$ cat target_17.cif   # mmCIF, C-alpha atoms and all ligand atoms
data_work
#
loop_
_atom_site.group_PDB
_atom_site.id
_atom_site.type_symbol
_atom_site.label_atom_id
_atom_site.label_comp_id
_atom_site.auth_asym_id
_atom_site.auth_seq_id
_atom_site.Cartn_x
_atom_site.Cartn_y
_atom_site.Cartn_z
ATOM 1 C CA MET A 1 82.585 -46.987 48.840
ATOM 2 C CA LEU A 2 81.667 -47.577 45.216
ATOM 3 C CA SER A 3 78.383 -49.402 44.715
ATOM 4 C CA TYR A 4 77.661 -48.543 41.072
ATOM 5 C CA ARG A 5 78.156 -51.468 38.651
ATOM 6 C CA HIS A 6 77.677 -50.779 34.972
ATOM 7 C CA SER A 7 76.589 -54.380 34.341
ATOM 8 C CA PHE A 8 73.070 -53.366 35.503
ATOM 9 C CA HIS A 9 72.865 -50.706 32.808
ATOM 10 C CA ALA A 10 74.947 -51.917 29.856
ATOM 11 C CA GLY A 11 73.263 -51.413 26.487
ATOM 12 C CA ASN A 12 70.588 -49.047 27.809
ATOM 13 C CA PHE A 13 69.513 -45.970 25.824
ATOM 14 C CA ALA A 14 72.183 -43.884 27.527
ATOM 15 C CA ASP A 15 74.922 -46.318 26.451
ATOM 16 C CA VAL A 16 73.549 -46.315 22.911
ATOM 17 C CA LEU A 17 73.887 -42.533 22.665
ATOM 18 C CA LYS A 18 77.288 -42.461 24.385
ATOM 19 C CA HIS A 19 78.763 -45.175 22.201
ATOM 20 C CA ILE A 20 77.352 -43.820 18.927
ATOM 21 C CA VAL A 21 79.041 -40.487 19.686
ATOM 22 C CA LEU A 22 82.266 -42.275 20.663
ATOM 23 C CA VAL A 23 82.323 -44.299 17.422
ATOM 24 C CA GLU A 24 81.781 -41.112 15.385
ATOM 25 C CA ILE A 25 84.733 -39.433 17.088
ATOM 26 C CA ILE A 26 87.028 -42.425 16.642
ATOM 27 C CA GLN A 27 86.045 -42.783 12.991
ATOM 28 C CA HIS A 28 87.096 -39.181 12.539
ATOM 29 C CA LEU A 29 90.494 -39.794 14.200
ATOM 30 C CA LEU A 30 91.047 -42.869 12.023
ATOM 31 C CA LYS A 31 90.873 -40.760 8.860
ATOM 32 C CA LYS A 32 94.567 -39.865 9.293
ATOM 33 C CA ASP A 33 97.384 -42.416 9.587
ATOM 34 C CA LYS A 34 98.876 -40.429 12.466
ATOM 35 C CA PRO A 35 98.479 -42.203 15.819
ATOM 36 C CA PHE A 36 96.045 -41.000 18.458
ATOM 37 C CA ASP A 37 95.395 -41.682 22.143
ATOM 38 C CA TYR A 38 92.123 -42.818 23.697
ATOM 39 C CA ILE A 39 91.672 -41.882 27.352
ATOM 40 C CA ASP A 40 88.736 -43.354 29.270
ATOM 41 C CA THR A 41 88.561 -41.860 32.772
ATOM 42 C CA HIS A 42 85.775 -44.209 33.984
ATOM 43 C CA ALA A 43 86.217 -47.344 31.911
ATOM 44 C CA GLY A 44 83.991 -49.908 33.641
ATOM 45 C CA ALA A 45 84.506 -53.644 33.037
ATOM 46 C CA GLY A 46 84.744 -53.397 29.245
ATOM 47 C CA LEU A 47 82.331 -56.175 28.279
ATOM 48 C CA TYR A 48 78.912 -57.173 29.632
ATOM 49 C CA GLN A 49 76.847 -60.347 29.390
ATOM 50 C CA LEU A 50 73.256 -59.368 28.691
ATOM 51 C CA ASN A 51 71.934 -62.584 30.197
ATOM 52 C CA SER A 52 73.768 -61.986 33.502
ATOM 53 C CA GLU A 53 71.816 -61.727 36.738
ATOM 54 C CA GLN A 54 72.487 -57.980 36.887
ATOM 55 C CA ALA A 55 71.439 -57.155 33.298
ATOM 56 C CA SER A 56 68.378 -59.410 33.514
ATOM 57 C CA LYS A 57 67.323 -57.794 36.769
ATOM 58 C CA THR A 58 66.921 -54.326 35.251
ATOM 59 C CA GLY A 59 66.314 -55.363 31.618
ATOM 60 C CA GLU A 60 67.586 -51.918 30.590
ATOM 61 C CA TYR A 61 69.207 -53.175 27.387
ATOM 62 C CA LEU A 62 65.790 -54.415 26.237
ATOM 63 C CA ARG A 63 64.671 -50.798 26.063
ATOM 64 C CA GLY A 64 68.013 -49.763 24.534
ATOM 65 C CA ILE A 65 70.223 -51.653 22.106
ATOM 66 C CA ALA A 66 67.724 -54.511 21.705
ATOM 67 C CA GLN A 67 65.223 -52.039 20.176
ATOM 68 C CA LEU A 68 67.503 -51.233 17.243
ATOM 69 C CA ASN A 69 67.542 -53.402 14.155
ATOM 70 C CA PRO A 70 70.985 -52.837 12.549
ATOM 71 C CA SER A 71 69.567 -53.159 9.029
ATOM 72 C CA HIS A 72 67.437 -50.043 9.633
ATOM 73 C CA TRP A 73 70.462 -47.935 10.577
ATOM 74 C CA PRO A 74 73.006 -47.945 7.706
ATOM 75 C CA GLU A 75 74.411 -44.657 9.016
ATOM 76 C CA LEU A 76 75.438 -46.508 12.216
ATOM 77 C CA SER A 77 77.030 -49.490 10.491
ATOM 78 C CA GLN A 78 80.388 -49.106 12.301
ATOM 79 C CA TYR A 79 78.701 -49.076 15.713
ATOM 80 C CA PHE A 80 76.713 -52.213 14.907
ATOM 81 C CA GLU A 81 79.765 -53.915 13.357
ATOM 82 C CA VAL A 82 81.618 -53.505 16.648
ATOM 83 C CA ILE A 83 78.721 -54.957 18.658
ATOM 84 C CA LYS A 84 78.440 -57.811 16.168
ATOM 85 C CA SER A 85 82.126 -58.641 16.594
ATOM 86 C CA PHE A 86 81.413 -59.602 20.239
ATOM 87 C CA ASN A 87 78.395 -61.772 19.393
ATOM 88 C CA ARG A 88 77.562 -64.829 17.328
ATOM 89 C CA ALA A 89 75.629 -64.158 14.097
ATOM 90 C CA ASN A 90 72.165 -62.672 14.714
ATOM 91 C CA GLU A 91 72.540 -62.910 18.484
ATOM 92 C CA LEU A 92 72.800 -60.206 21.110
ATOM 93 C CA ASN A 93 74.321 -61.774 24.202
ATOM 94 C CA CYS A 94 77.172 -59.398 24.879
ATOM 95 C CA TYR A 95 77.435 -55.648 24.875
ATOM 96 C CA PRO A 96 80.877 -54.011 24.715
ATOM 97 C CA GLY A 97 81.603 -51.059 26.957
ATOM 98 C CA SER A 98 83.441 -47.929 25.881
ATOM 99 C CA PRO A 99 86.999 -49.331 26.177
ATOM 100 C CA LEU A 100 86.305 -52.392 24.067
ATOM 101 C CA ILE A 101 84.380 -50.379 21.476
ATOM 102 C CA ALA A 102 87.351 -48.036 21.160
ATOM 103 C CA LEU A 103 89.961 -50.823 21.129
ATOM 104 C CA GLU A 104 88.106 -52.777 18.478
ATOM 105 C CA LEU A 105 88.358 -49.748 16.165
ATOM 106 C CA MET A 106 91.893 -48.655 17.049
ATOM 107 C CA ARG A 107 95.064 -49.545 15.128
ATOM 108 C CA LYS A 108 98.462 -50.757 16.299
ATOM 109 C CA GLN A 109 99.899 -47.220 16.295
ATOM 110 C CA ASP A 110 97.167 -45.933 18.697
ATOM 111 C CA LYS A 111 97.253 -46.077 22.498
ATOM 112 C CA ALA A 112 94.553 -46.462 25.154
ATOM 113 C CA TRP A 113 94.639 -45.310 28.797
ATOM 114 C CA LEU A 114 91.872 -46.853 30.887
ATOM 115 C CA PHE A 115 91.070 -45.858 34.481
ATOM 116 C CA GLU A 116 88.673 -47.810 36.700
ATOM 117 C CA LEU A 117 88.408 -47.674 40.488
ATOM 118 C CA HIS A 118 86.071 -50.559 41.346
ATOM 119 C CA PRO A 119 88.267 -53.576 42.253
ATOM 120 C CA ALA A 120 86.013 -56.207 40.662
ATOM 121 C CA ASP A 121 85.378 -54.206 37.498
ATOM 122 C CA PHE A 122 89.075 -53.393 37.261
ATOM 123 C CA GLU A 123 89.950 -57.116 37.272
ATOM 124 C CA LEU A 124 87.361 -57.719 34.538
ATOM 125 C CA LEU A 125 88.704 -54.782 32.554
ATOM 126 C CA LYS A 126 92.240 -56.204 32.658
ATOM 127 C CA LEU A 127 90.943 -59.583 31.512
ATOM 128 C CA ASN A 128 88.735 -58.166 28.769
ATOM 129 C CA THR A 129 91.486 -55.978 27.318
ATOM 130 C CA LYS A 130 94.413 -58.375 27.539
ATOM 131 C CA LYS A 131 94.374 -59.404 23.864
ATOM 132 C CA PHE A 132 94.819 -55.795 22.712
ATOM 133 C CA SER A 133 98.192 -54.086 22.435
ATOM 134 C CA GLY A 134 98.977 -50.492 23.395
ATOM 135 C CA VAL A 135 96.636 -50.534 26.402
ATOM 136 C CA LYS A 136 97.451 -49.221 29.869
ATOM 137 C CA THR A 137 94.894 -50.061 32.579
ATOM 138 C CA ARG A 138 95.087 -48.321 35.957
ATOM 139 C CA GLN A 139 93.079 -48.920 39.113
ATOM 140 C CA SER A 140 93.141 -45.285 40.111
ATOM 141 C CA ASP A 141 91.073 -42.124 40.049
ATOM 142 C CA GLY A 142 90.272 -41.274 36.436
ATOM 143 C CA PHE A 143 90.155 -37.516 36.968
ATOM 144 C CA LYS A 144 93.702 -37.381 38.368
ATOM 145 C CA GLY A 145 94.788 -40.061 35.912
ATOM 146 C CA LEU A 146 93.603 -37.915 33.022
ATOM 147 C CA LEU A 147 95.820 -35.002 34.005
ATOM 148 C CA SER A 148 98.788 -37.337 34.454
ATOM 149 C CA VAL A 149 98.687 -38.502 30.814
ATOM 150 C CA LEU A 150 98.049 -35.124 29.141
ATOM 151 C CA PRO A 151 99.158 -34.034 26.693
ATOM 152 C CA PRO A 152 99.527 -37.403 24.957
ATOM 153 C CA THR A 153 102.700 -37.852 22.948
ATOM 154 C CA SER A 154 100.615 -38.282 19.784
ATOM 155 C CA ARG A 155 99.076 -34.818 20.371
ATOM 156 C CA ARG A 156 95.827 -36.205 18.946
ATOM 157 C CA GLY A 157 93.119 -37.973 20.817
ATOM 158 C CA VAL A 158 89.808 -38.325 22.510
ATOM 159 C CA VAL A 159 89.007 -38.242 26.204
ATOM 160 C CA LEU A 160 85.803 -39.941 27.368
ATOM 161 C CA ILE A 161 84.638 -38.762 30.796
ATOM 162 C CA ASP A 162 81.868 -41.070 31.939
ATOM 163 C CA PRO A 163 81.351 -41.039 35.713
ATOM 164 C CA SER A 164 78.335 -42.669 37.295
ATOM 165 C CA TYR A 165 77.523 -39.452 39.246
ATOM 166 C CA GLU A 166 77.009 -41.719 42.246
ATOM 167 C CA ILE A 167 78.935 -39.090 44.182
ATOM 168 C CA LYS A 168 77.128 -35.784 43.683
ATOM 169 C CA THR A 169 80.396 -33.816 43.626
ATOM 170 C CA ASP A 170 81.060 -35.472 40.248
ATOM 171 C CA TYR A 171 78.887 -32.763 38.640
ATOM 172 C CA GLU A 172 81.441 -30.147 39.717
ATOM 173 C CA GLN A 173 84.489 -32.380 39.383
ATOM 174 C CA VAL A 174 83.882 -33.022 35.683
ATOM 175 C CA ILE A 175 83.885 -29.301 34.938
ATOM 176 C CA ASN A 176 86.933 -28.546 37.090
ATOM 177 C CA TYR A 177 88.925 -31.373 35.551
ATOM 178 C CA LEU A 178 87.820 -30.514 32.020
ATOM 179 C CA HIS A 179 89.109 -27.016 32.586
ATOM 180 C CA LYS A 180 92.473 -28.308 33.823
ATOM 181 C CA ALA A 181 92.676 -30.905 31.040
ATOM 182 C CA LEU A 182 92.026 -28.297 28.339
ATOM 183 C CA GLN A 183 94.885 -26.208 29.694
ATOM 184 C CA LYS A 184 97.221 -29.174 29.113
ATOM 185 C CA PHE A 185 95.706 -30.431 25.850
ATOM 186 C CA ALA A 186 93.590 -27.762 24.196
ATOM 187 C CA SER A 187 93.222 -29.506 20.841
ATOM 188 C CA GLY A 188 91.913 -32.801 22.235
ATOM 189 C CA ILE A 189 88.376 -33.979 21.617
ATOM 190 C CA TYR A 190 86.513 -34.319 24.924
ATOM 191 C CA ALA A 191 83.258 -36.242 25.319
ATOM 192 C CA LEU A 192 81.491 -35.817 28.636
ATOM 193 C CA TRP A 193 78.523 -38.040 29.438
ATOM 194 C CA TYR A 194 75.756 -36.907 31.806
ATOM 195 C CA PRO A 195 72.445 -38.333 33.055
ATOM 196 C CA VAL A 196 69.361 -36.141 33.335
ATOM 197 C CA VAL A 197 67.959 -37.049 36.740
ATOM 198 C CA ASP A 198 67.610 -33.480 38.005
ATOM 199 C CA ARG A 199 67.668 -31.030 35.113
ATOM 200 C CA TYR A 200 68.893 -28.211 37.298
ATOM 201 C CA ARG A 201 72.186 -30.023 37.900
ATOM 202 C CA ILE A 202 72.813 -30.250 34.151
ATOM 203 C CA ASP A 203 71.879 -26.622 33.522
ATOM 204 C CA LYS A 204 74.272 -25.617 36.301
ATOM 205 C CA MET A 205 77.024 -27.785 34.818
ATOM 206 C CA GLN A 206 76.550 -26.247 31.378
ATOM 207 C CA ARG A 207 76.565 -22.701 32.722
ATOM 208 C CA ALA A 208 79.838 -23.420 34.520
ATOM 209 C CA LEU A 209 81.357 -24.772 31.319
ATOM 210 C CA LEU A 210 80.352 -21.691 29.353
ATOM 211 C CA ARG A 211 81.576 -19.337 32.093
ATOM 212 C CA MET A 212 85.026 -20.838 31.632
ATOM 213 C CA GLY A 213 85.016 -19.479 28.096
ATOM 214 C CA ILE A 214 85.477 -22.884 26.461
ATOM 215 C CA ARG A 215 84.919 -22.672 22.695
ATOM 216 C CA ASP A 216 83.462 -25.187 20.263
ATOM 217 C CA ILE A 217 81.047 -27.164 22.406
ATOM 218 C CA GLN A 218 78.152 -29.235 21.099
ATOM 219 C CA ARG A 219 75.527 -31.079 23.101
ATOM 220 C CA PHE A 220 73.665 -34.215 22.042
ATOM 221 C CA GLU A 221 70.922 -35.483 24.300
ATOM 222 C CA LEU A 222 68.490 -38.360 23.986
ATOM 223 C CA GLY A 223 65.490 -39.015 26.213
ATOM 224 C CA ILE A 224 62.905 -41.671 26.773
ATOM 225 C CA ALA A 225 60.521 -39.544 28.834
ATOM 226 C CA GLU A 226 59.853 -35.994 29.899
ATOM 227 C CA ASP A 227 62.071 -34.459 32.618
ATOM 228 C CA SER A 228 60.858 -35.455 36.044
ATOM 229 C CA SER A 229 62.538 -35.234 39.422
ATOM 230 C CA ASN A 230 61.088 -38.461 40.784
ATOM 231 C CA VAL A 231 61.493 -41.221 38.200
ATOM 232 C CA GLY A 232 65.273 -41.544 37.810
ATOM 233 C CA MET A 233 67.107 -40.956 34.542
ATOM 234 C CA THR A 234 64.794 -39.695 31.786
ATOM 235 C CA SER A 235 67.452 -38.484 29.335
ATOM 236 C CA ALA A 236 71.200 -38.740 28.896
ATOM 237 C CA GLY A 237 73.564 -36.500 27.037
ATOM 238 C CA MET A 238 77.022 -36.071 25.625
ATOM 239 C CA ILE A 239 78.827 -32.750 25.679
ATOM 240 C CA VAL A 240 81.513 -32.737 23.031
ATOM 241 C CA ILE A 241 84.331 -30.197 22.987
ATOM 242 C CA ASN A 242 86.225 -29.798 19.689
ATOM 243 C CA PRO A 243 83.787 -32.136 17.909
ATOM 244 C CA PRO A 244 84.628 -33.606 14.514
ATOM 245 C CA TRP A 245 83.476 -31.661 11.509
ATOM 246 C CA LEU A 246 80.019 -32.800 10.281
ATOM 247 C CA MET A 247 79.183 -34.642 13.491
ATOM 248 C CA PHE A 248 76.522 -32.078 14.317
ATOM 249 C CA ASP A 249 74.728 -32.581 10.981
ATOM 250 C CA LYS A 250 74.729 -36.353 11.426
ATOM 251 C CA MET A 251 73.452 -36.190 14.996
ATOM 252 C CA ALA A 252 70.752 -33.692 14.014
ATOM 253 C CA LEU A 253 69.316 -36.273 11.611
ATOM 254 C CA LEU A 254 69.862 -39.244 13.881
ATOM 255 C CA LEU A 255 68.589 -38.016 17.252
ATOM 256 C CA PRO A 256 64.882 -37.555 16.398
ATOM 257 C CA LYS A 257 64.806 -41.029 14.805
ATOM 258 C CA LEU A 258 66.561 -42.643 17.767
ATOM 259 C CA ALA A 259 64.387 -40.774 20.248
ATOM 260 C CA LYS A 260 61.230 -41.998 18.551
ATOM 261 C CA ILE A 261 62.270 -45.653 18.566
ATOM 262 C CA LEU A 262 63.756 -45.651 22.056
ATOM 263 C CA SER A 263 60.954 -43.745 23.762
ATOM 264 C CA GLY A 264 58.377 -45.871 21.945
ATOM 265 C CA THR A 265 56.192 -42.797 21.434
ATOM 266 C CA ASP A 266 55.762 -39.987 18.927
ATOM 267 C CA ASN A 267 56.668 -37.530 21.687
ATOM 268 C CA VAL A 268 60.362 -37.208 21.031
ATOM 269 C CA PHE A 269 62.777 -35.998 23.664
ATOM 270 C CA TYR A 270 66.153 -34.926 22.348
ATOM 271 C CA LYS A 271 68.493 -31.955 22.150
ATOM 272 C CA CYS A 272 71.060 -31.135 19.523
ATOM 273 C CA ASP A 273 72.715 -27.778 20.175
ATOM 274 C CA ILE A 274 75.816 -25.747 19.619
ATOM 275 C CA LEU A 275 76.586 -24.441 23.112
ATOM 276 C CA SER A 276 79.546 -22.374 21.945
ATOM 277 C CA THR A 277 81.063 -21.819 18.534
ATOM 278 C CA GLU A 278 84.723 -22.228 17.443
HETATM 279 C C1 LIG B 1 79.230 -45.319 33.856
HETATM 280 S S1 LIG B 1 80.403 -46.482 34.339
HETATM 281 C C2 LIG B 1 81.504 -46.565 32.983
HETATM 282 C C3 LIG B 1 80.963 -47.167 31.729
HETATM 283 C C4 LIG B 1 81.913 -47.210 30.568
HETATM 284 N N1 LIG B 1 82.571 -45.938 30.337
HETATM 285 C C5 LIG B 1 81.196 -47.626 29.311
HETATM 286 O O1 LIG B 1 80.699 -46.776 28.574
HETATM 287 O O2 LIG B 1 81.144 -48.822 29.051
HETATM 288 C C6 LIG B 1 81.372 -45.585 35.505
HETATM 289 C C7 LIG B 1 82.534 -46.376 36.082
HETATM 290 O O3 LIG B 1 83.381 -45.476 36.798
HETATM 291 C C8 LIG B 1 83.940 -46.150 37.909
HETATM 292 N N2 LIG B 1 84.425 -45.081 38.797
HETATM 293 C C9 LIG B 1 83.735 -44.369 39.727
HETATM 294 N N3 LIG B 1 84.507 -43.374 40.210
HETATM 295 C C10 LIG B 1 85.689 -43.453 39.557
HETATM 296 C C11 LIG B 1 86.885 -42.664 39.575
HETATM 297 N N4 LIG B 1 87.003 -41.602 40.375
HETATM 298 N N5 LIG B 1 87.901 -43.022 38.754
HETATM 299 C C12 LIG B 1 87.795 -44.098 37.937
HETATM 300 N N6 LIG B 1 86.686 -44.876 37.877
HETATM 301 C C13 LIG B 1 85.653 -44.555 38.665
HETATM 302 C C14 LIG B 1 82.794 -47.002 38.417
HETATM 303 O O4 LIG B 1 83.291 -48.081 39.172
HETATM 304 C C15 LIG B 1 82.136 -47.434 37.094
HETATM 305 O O5 LIG B 1 82.632 -48.681 36.672
#

$ encode --input "target_17.cif" --output "structure tokens"
Amino acid sequence: MLSYRHSFHAGNFADVLKHIVLVEIIQHLLKKDKPFDYIDTHAGAGLYQLNSEQASKTGEYLRGIAQLNPSHWPELSQYFEVIKSFNRANELNCYPGSPLIALELMRKQDKAWLFELHPADFELLKLNTKKFSGVKTRQSDGFKGLLSVLPPTSRRGVVLIDPSYEIKTDYEQVINYLHKALQKFASGIYALWYPVVDRYRIDKMQRALLRMGIRDIQRFELGIAEDSSNVGMTSAGMIVINPPWLMFDKMALLLPKLAKILSGTDNVFYKCDILSTE
């Protein structure tokens, strides 16, 4: 039984990090005319109303995207342009999820594969993506779905793996499926999102990834508070395999600035590391 709904969390600090990294990767893929595939294993509904009952209840976006003034972040202009395209001038009423962010940037030669299990969010996803071409939406398990579409015919692409970790086995599943996916599509760019609720789970996940001998892994993490095992999510991270060239340098400059604004303190919580080299 799936109870997680992303509408409670859309636009929070974790989404900001995830979507900045996603936009960077897609911008890199767009540098060549050759088509690419976007695979989103846990797509969500695609678009979120920030004045909905769910978003208002948690107010998470107020401590996330609403804290960032686009004019202060020229290096993130593409990310803010995408958000702007779903809103009226100078308003922030809607926040696009990963599939709509990707689709807004993609071209007619590119393809998207979107997996979402929740029946209500799947219906919304279909509705929210219907004006785009080259999109396949599936109401099925994203881990199995991923393996079924690899390698993509374009032989270029990005896979976003963004489970809610509602089911604790997801921490192991993501690593097992990444391993299998890399065997089918070694040159793909993989972006794995994780929440820091219990640090030990993340350390364990990273050790497992490194034990598999996977090369070229970078980790970008952004926090709003110190690690603690009793206050929920304090940080969130993205593990990127085969990251675009220069992404590390950009994130190294960006993360301390973002961490300062989003935590609202001078105590910055972030990580920017090379977990394994090429
Ligand atoms: C964190 S949300 C996705 C947010 C989205 N990627 C974004 O950035 O806008 C995780 C989604 O995965 C869905 N989900 C959970 N288990 C799944 C599975 N095994 N396969 C596909 N979707 C799943 C949930 O219903 C939820 O909508």

$ residues_near_ligand --input "target_17.cif" --ligand "ligand LIG 1 (chain B)" --cutoff "6 Å" --atoms "only C-alpha atoms and all ligand atoms" --output "ChimeraX atom specification"
/A:4-6,41-44,46,97-98,115-118,140-142,162-164

$ write_last_selection --input "target_17.cif" --atoms "C-alpha atoms" --output "PDB file, keeping the file's coordinate frame"
ATOM      1  CA  TYR A   4      77.661 -48.543  41.072  1.00  0.00           C
ATOM      2  CA  ARG A   5      78.156 -51.468  38.651  1.00  0.00           C
ATOM      3  CA  HIS A   6      77.677 -50.779  34.972  1.00  0.00           C
ATOM      4  CA  THR A  41      88.561 -41.860  32.772  1.00  0.00           C
ATOM      5  CA  HIS A  42      85.775 -44.209  33.984  1.00  0.00           C
ATOM      6  CA  ALA A  43      86.217 -47.344  31.911  1.00  0.00           C
ATOM      7  CA  GLY A  44      83.991 -49.908  33.641  1.00  0.00           C
ATOM      8  CA  GLY A  46      84.744 -53.397  29.245  1.00  0.00           C
ATOM      9  CA  GLY A  97      81.603 -51.059  26.957  1.00  0.00           C
ATOM     10  CA  SER A  98      83.441 -47.929  25.881  1.00  0.00           C
ATOM     11  CA  PHE A 115      91.070 -45.858  34.481  1.00  0.00           C
ATOM     12  CA  GLU A 116      88.673 -47.810  36.700  1.00  0.00           C
ATOM     13  CA  LEU A 117      88.408 -47.674  40.488  1.00  0.00           C
ATOM     14  CA  HIS A 118      86.071 -50.559  41.346  1.00  0.00           C
ATOM     15  CA  SER A 140      93.141 -45.285  40.111  1.00  0.00           C
ATOM     16  CA  ASP A 141      91.073 -42.124  40.049  1.00  0.00           C
ATOM     17  CA  GLY A 142      90.272 -41.274  36.436  1.00  0.00           C
ATOM     18  CA  ASP A 162      81.868 -41.070  31.939  1.00  0.00           C
ATOM     19  CA  PRO A 163      81.351 -41.039  35.713  1.00  0.00           C
ATOM     20  CA  SER A 164      78.335 -42.669  37.295  1.00  0.00           C
TER      21      SER A 164
END

$ resolve_selection --input "target_17.cif" --expression "the PyMOL selection byres (((chain A and resi 48) around 8) and not hetatm)" --output "list of chain:residue names"
A:Ser7, A:Ala10, A:Ala45, A:Gly46, A:Leu47, A:Gln49, A:Leu50, A:Cys94, A:Tyr95, A:Pro96, A:Gly97

$ resolve_selection --input "target_17.cif" --expression "the PyMOL selection byres (((chain A and resi 147) around 8) and not hetatm)" --output "list in words"
Phe143, Lys144, Gly145, Leu146, Ser148, Val149, Leu150, Tyr177, Lys180, Ala181 and Lys184 of chain A

$ closest_residue --input "target_17.cif" --among "A:Val135, A:Leu255, A:Ile83, A:Leu127" --to "Ala236 in chain A" --atoms "only C-alpha atoms"
A:Leu255

$ resolve_selection --input "target_17.cif" --expression "the PyMOL selection byres (((chain A and resi 250) around 12) and not hetatm)" --output "list of chain:residue names"
A:Ile20, A:Val21, A:Glu24, A:Ile25, A:Glu75, A:Leu76, A:Phe220, A:Pro243, A:Pro244, A:Trp245, A:Leu246, A:Met247, A:Phe248, A:Asp249, A:Met251, A:Ala252, A:Leu253, A:Leu254, A:Leu255, A:Pro256, A:Lys257, A:Cys272

$ write_last_selection --input "target_17.cif" --atoms "C-alpha atoms" --output "PDB file, in the frame of the given file"
ATOM      1  CA  ILE A  20      77.352 -43.820  18.927  1.00  0.00           C
ATOM      2  CA  VAL A  21      79.041 -40.487  19.686  1.00  0.00           C
ATOM      3  CA  GLU A  24      81.781 -41.112  15.385  1.00  0.00           C
ATOM      4  CA  ILE A  25      84.733 -39.433  17.088  1.00  0.00           C
ATOM      5  CA  GLU A  75      74.411 -44.657   9.016  1.00  0.00           C
ATOM      6  CA  LEU A  76      75.438 -46.508  12.216  1.00  0.00           C
ATOM      7  CA  PHE A 220      73.665 -34.215  22.042  1.00  0.00           C
ATOM      8  CA  PRO A 243      83.787 -32.136  17.909  1.00  0.00           C
ATOM      9  CA  PRO A 244      84.628 -33.606  14.514  1.00  0.00           C
ATOM     10  CA  TRP A 245      83.476 -31.661  11.509  1.00  0.00           C
ATOM     11  CA  LEU A 246      80.019 -32.800  10.281  1.00  0.00           C
ATOM     12  CA  MET A 247      79.183 -34.642  13.491  1.00  0.00           C
ATOM     13  CA  PHE A 248      76.522 -32.078  14.317  1.00  0.00           C
ATOM     14  CA  ASP A 249      74.728 -32.581  10.981  1.00  0.00           C
ATOM     15  CA  MET A 251      73.452 -36.190  14.996  1.00  0.00           C
ATOM     16  CA  ALA A 252      70.752 -33.692  14.014  1.00  0.00           C
ATOM     17  CA  LEU A 253      69.316 -36.273  11.611  1.00  0.00           C
ATOM     18  CA  LEU A 254      69.862 -39.244  13.881  1.00  0.00           C
ATOM     19  CA  LEU A 255      68.589 -38.016  17.252  1.00  0.00           C
ATOM     20  CA  PRO A 256      64.882 -37.555  16.398  1.00  0.00           C
ATOM     21  CA  LYS A 257      64.806 -41.029  14.805  1.00  0.00           C
ATOM     22  CA  CYS A 272      71.060 -31.135  19.523  1.00  0.00           C
TER      23      CYS A 272
END
